[in-house]
Structure formats: structure tokens, C-alpha cells
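J.: First the structure, which I've put down as C-alpha cells, then a few questions once you've had a look.
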Amino acid sequence: MRSAPQTRRSLLAGLGALAFASPSPNKIRLGGPVFLKSDDPHELAREHRRLGYSAALCPRAKADDSARVRDIEQAFAGENVVIA
């Protein structure tokens, strides 16, 4: 007997149920697009919080630019926004 095909809706519902069934006390962090035209990590982190986000994609930075990477890390940590 074949089962019904999995739809996007049923998959998302299942994943949502798993998140709430998790014994972890951590909350799910959500992020979204930010259309702020700035390269300043502190402004970007504040904009994420203003929009109600607690997660963000990492702003552009070169791996060998340790000062910028550190500044991004500190700015987003200061606003309690996790970098995805």
C-alpha cells in the first residue's frame, strides 16, 4: 500500500511539531530580510531587532578581515541576534 505524497504543508507542520516537542528550553529564532543600505554591523544588528528578528544572515565580510568579523560578532551579540 502506498502512502500519500508528502506536501510542503505537511512537512512544515511536522517540523513545527518537532520544534515544540523538543525538550530544549531554547526558543526558535526567526530572521528575515533587512533592506537597510548600510555596511555598519551595529546599524544592521539594531535594524534586525527593530523588525523583531532574533536571527540574521551574516553581513558580508572577508574571512581574513578579523577586525570586521569581530565587530560583526560583537554588534549582533549586543543586540541578542544570532548569526545564521
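Chain lettering (A, B, ...) mirrors the order of the C-alpha cells, residue numbering begins at 1 for each chain separately, and ligand numbering begins at 1 in order of display.
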If we count only C-alpha atoms, what is near Ala61 (chain A) at a cut-off of 12 Å, once residues fewer than 5 positions away on the same chain are taken out, given as a list in words?

T.: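 Contacts, with the query itself left out: Asp39, Asp40, Pro41, Ser66, Ala67, Arg68, Val69, Arg70, Asp71, Ile72 and Glu73 of chain A.
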
J.: Grab the residues selected above and save them as a JSON list (two decimals), in the first residue's frame with all heavy atoms.

T.:
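Once everything was written out, this is selection-v4.json:
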[["chain", "number", "residue", "atom", "x", "y", "z"],
["A", 39, "ASP", "N", 26.65, 49.22, 5.69],
["A", 39, "ASP", "CA", 27.63, 48.17, 5.96],
["A", 39, "ASP", "C", 28.03, 48.16, 7.43],
["A", 39, "ASP", "O", 28.86, 47.35, 7.83],
["A", 39, "ASP", "CB", 28.88, 48.38, 5.10],
["A", 39, "ASP", "CG", 28.66, 47.98, 3.65],
["A", 39, "ASP", "OD1", 27.81, 47.09, 3.41],
["A", 39, "ASP", "OD2", 29.33, 48.54, 2.78],
["A", 40, "ASP", "N", 27.46, 49.07, 8.22],
["A", 40, "ASP", "CA", 27.79, 49.15, 9.64],
["A", 40, "ASP", "C", 27.11, 48.01, 10.39],
["A", 40, "ASP", "O", 25.88, 47.95, 10.43],
["A", 40, "ASP", "CB", 27.35, 50.50, 10.20],
["A", 40, "ASP", "CG", 27.66, 50.67, 11.67],
["A", 40, "ASP", "OD1", 28.39, 49.83, 12.24],
["A", 40, "ASP", "OD2", 27.17, 51.65, 12.27],
["A", 41, "PRO", "N", 27.88, 47.11, 11.00],
["A", 41, "PRO", "CA", 27.29, 45.97, 11.71],
["A", 41, "PRO", "C", 26.35, 46.38, 12.84],
["A", 41, "PRO", "O", 25.34, 45.72, 13.09],
["A", 41, "PRO", "CB", 28.48, 45.20, 12.25],
["A", 41, "PRO", "CG", 29.67, 45.72, 11.57],
["A", 41, "PRO", "CD", 29.33, 47.06, 11.02],
["A", 66, "SER", "N", 39.80, 39.97, 10.21],
["A", 66, "SER", "CA", 39.43, 39.59, 11.58],
["A", 66, "SER", "C", 38.80, 40.75, 12.36],
["A", 66, "SER", "O", 37.93, 40.53, 13.20],
["A", 66, "SER", "CB", 40.61, 39.01, 12.33],
["A", 66, "SER", "OG", 41.67, 39.95, 12.39],
["A", 67, "ALA", "N", 39.20, 41.97, 12.08],
["A", 67, "ALA", "CA", 38.63, 43.11, 12.80],
["A", 67, "ALA", "C", 37.14, 43.26, 12.45],
["A", 67, "ALA", "O", 36.31, 43.47, 13.34],
["A", 67, "ALA", "CB", 39.38, 44.39, 12.47],
["A", 68, "ARG", "N", 36.80, 43.15, 11.17],
["A", 68, "ARG", "CA", 35.39, 43.26, 10.77],
["A", 68, "ARG", "C", 34.57, 42.09, 11.30],
["A", 68, "ARG", "O", 33.45, 42.28, 11.79],
["A", 68, "ARG", "CB", 35.26, 43.33, 9.25],
["A", 68, "ARG", "CG", 33.79, 43.34, 8.81],
["A", 68, "ARG", "CD", 33.57, 44.09, 7.54],
["A", 68, "ARG", "NE", 32.22, 43.91, 7.01],
["A", 68, "ARG", "CZ", 31.17, 44.63, 7.37],
["A", 68, "ARG", "NH1", 31.31, 45.59, 8.27],
["A", 68, "ARG", "NH2", 29.98, 44.41, 6.84],
["A", 69, "VAL", "N", 35.11, 40.89, 11.24],
["A", 69, "VAL", "CA", 34.41, 39.71, 11.75],
["A", 69, "VAL", "C", 34.12, 39.87, 13.24],
["A", 69, "VAL", "O", 33.02, 39.61, 13.72],
["A", 69, "VAL", "CB", 35.21, 38.42, 11.46],
["A", 69, "VAL", "CG1", 34.60, 37.23, 12.19],
["A", 69, "VAL", "CG2", 35.29, 38.17, 9.96],
["A", 70, "ARG", "N", 35.10, 40.35, 13.98],
["A", 70, "ARG", "CA", 34.94, 40.56, 15.41],
["A", 70, "ARG", "C", 33.89, 41.65, 15.68],
["A", 70, "ARG", "O", 33.06, 41.53, 16.57],
["A", 70, "ARG", "CB", 36.28, 40.93, 16.04],
["A", 70, "ARG", "CG", 36.29, 40.95, 17.54],
["A", 70, "ARG", "CD", 37.69, 41.12, 18.16],
["A", 70, "ARG", "NE", 38.65, 41.89, 17.39],
["A", 70, "ARG", "CZ", 39.63, 41.36, 16.63],
["A", 70, "ARG", "NH1", 39.76, 40.06, 16.54],
["A", 70, "ARG", "NH2", 40.47, 42.12, 15.97],
["A", 71, "ASP", "N", 33.92, 42.72, 14.87],
["A", 71, "ASP", "CA", 32.95, 43.81, 15.03],
["A", 71, "ASP", "C", 31.53, 43.31, 14.76],
["A", 71, "ASP", "O", 30.59, 43.66, 15.49],
["A", 71, "ASP", "CB", 33.30, 44.96, 14.09],
["A", 71, "ASP", "CG", 32.62, 46.26, 14.47],
["A", 71, "ASP", "OD1", 32.31, 46.45, 15.66],
["A", 71, "ASP", "OD2", 32.41, 47.08, 13.56],
["A", 72, "ILE", "N", 31.36, 42.48, 13.73],
["A", 72, "ILE", "CA", 30.05, 41.91, 13.42],
["A", 72, "ILE", "C", 29.57, 41.04, 14.58],
["A", 72, "ILE", "O", 28.43, 41.15, 15.04],
["A", 72, "ILE", "CB", 30.10, 41.09, 12.11],
["A", 72, "ILE", "CG1", 30.29, 42.02, 10.91],
["A", 72, "ILE", "CG2", 28.86, 40.24, 11.95],
["A", 72, "ILE", "CD1", 30.62, 41.29, 9.62],
["A", 73, "GLU", "N", 30.47, 40.20, 15.06],
["A", 73, "GLU", "CA", 30.12, 39.29, 16.17],
["A", 73, "GLU", "C", 29.68, 40.08, 17.40],
["A", 73, "GLU", "O", 28.66, 39.78, 18.00],
["A", 73, "GLU", "CB", 31.33, 38.42, 16.50],
["A", 73, "GLU", "CG", 31.08, 37.46, 17.63],
["A", 73, "GLU", "CD", 32.32, 36.65, 17.99],
["A", 73, "GLU", "OE1", 33.43, 37.09, 17.69],
["A", 73, "GLU", "OE2", 32.15, 35.58, 18.60]]

J.: Separation of CA of Ala56 (chain A) and CA of Ala77 (chain A), in Å?

T.: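 The value is 11.2 Å.
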
J.: Once DSSP has gone over the backbone, tell me which residues of region 30-82 of chain A are in helix (DSSP H, G or I), as a list in words.

T.: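 Filtering region 30-82 of chain A down to helix (DSSP H, G or I) leaves Pro41, His42, Glu43, Leu44, Ala45, Arg46, Glu47, His48, Arg49, Arg50, Ser66, Ala67, Arg68, Val69, Arg70, Asp71, Ile72, Glu73, Gln74, Ala75, Phe76, Ala77 and Gly78 of chain A.
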
J.: Could you please take those selected residues and save C-alpha atoms as a PDB file, in the first residue's frame?

T.:
ATOM      1  CA  PRO A  41      27.289  45.972  11.707  1.00  0.00           C
ATOM      2  CA  HIS A  42      25.818  47.908  14.634  1.00  0.00           C
ATOM      3  CA  GLU A  43      23.167  49.559  12.445  1.00  0.00           C
ATOM      4  CA  LEU A  44      22.339  46.216  10.827  1.00  0.00           C
ATOM      5  CA  ALA A  45      22.014  44.475  14.199  1.00  0.00           C
ATOM      6  CA  ARG A  46      19.732  47.243  15.526  1.00  0.00           C
ATOM      7  CA  GLU A  47      17.579  47.032  12.384  1.00  0.00           C
ATOM      8  CA  HIS A  48      17.123  43.285  12.878  1.00  0.00           C
ATOM      9  CA  ARG A  49      15.929  43.883  16.446  1.00  0.00           C
ATOM     10  CA  ARG A  50      13.689  46.777  15.376  1.00  0.00           C
ATOM     11  CA  SER A  66      39.427  39.592  11.578  1.00  0.00           C
ATOM     12  CA  ALA A  67      38.628  43.112  12.801  1.00  0.00           C
ATOM     13  CA  ARG A  68      35.387  43.264  10.766  1.00  0.00           C
ATOM     14  CA  VAL A  69      34.406  39.709  11.749  1.00  0.00           C
ATOM     15  CA  ARG A  70      34.936  40.562  15.414  1.00  0.00           C
ATOM     16  CA  ASP A  71      32.954  43.807  15.035  1.00  0.00           C
ATOM     17  CA  ILE A  72      30.046  41.906  13.422  1.00  0.00           C
ATOM     18  CA  GLU A  73      30.123  39.292  16.173  1.00  0.00           C
ATOM     19  CA  GLN A  74      30.084  41.902  18.943  1.00  0.00           C
ATOM     20  CA  ALA A  75      27.389  44.062  17.326  1.00  0.00           C
ATOM     21  CA  PHE A  76      24.954  41.185  16.820  1.00  0.00           C
ATOM     22  CA  ALA A  77      25.687  39.659  20.235  1.00  0.00           C
ATOM     23  CA  GLY A  78      24.995  43.067  21.793  1.00  0.00           C
TER      24      GLY A  78
END

J.: Tell me, in Å to one decimal, how far CA of Val81 (chain A) is from CA of Ile28 (chain A).

T.: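 Between CA of Val81 (chain A) and CA of Ile28 (chain A) the gap is 11.9 Å.
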
J.: Report, in Å to a single decimal, how far apart CA of Arg8 (chain A) and CA of Leu30 (chain A) are.

T.: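 Distance reported for this atom pair: 19.0 Å.
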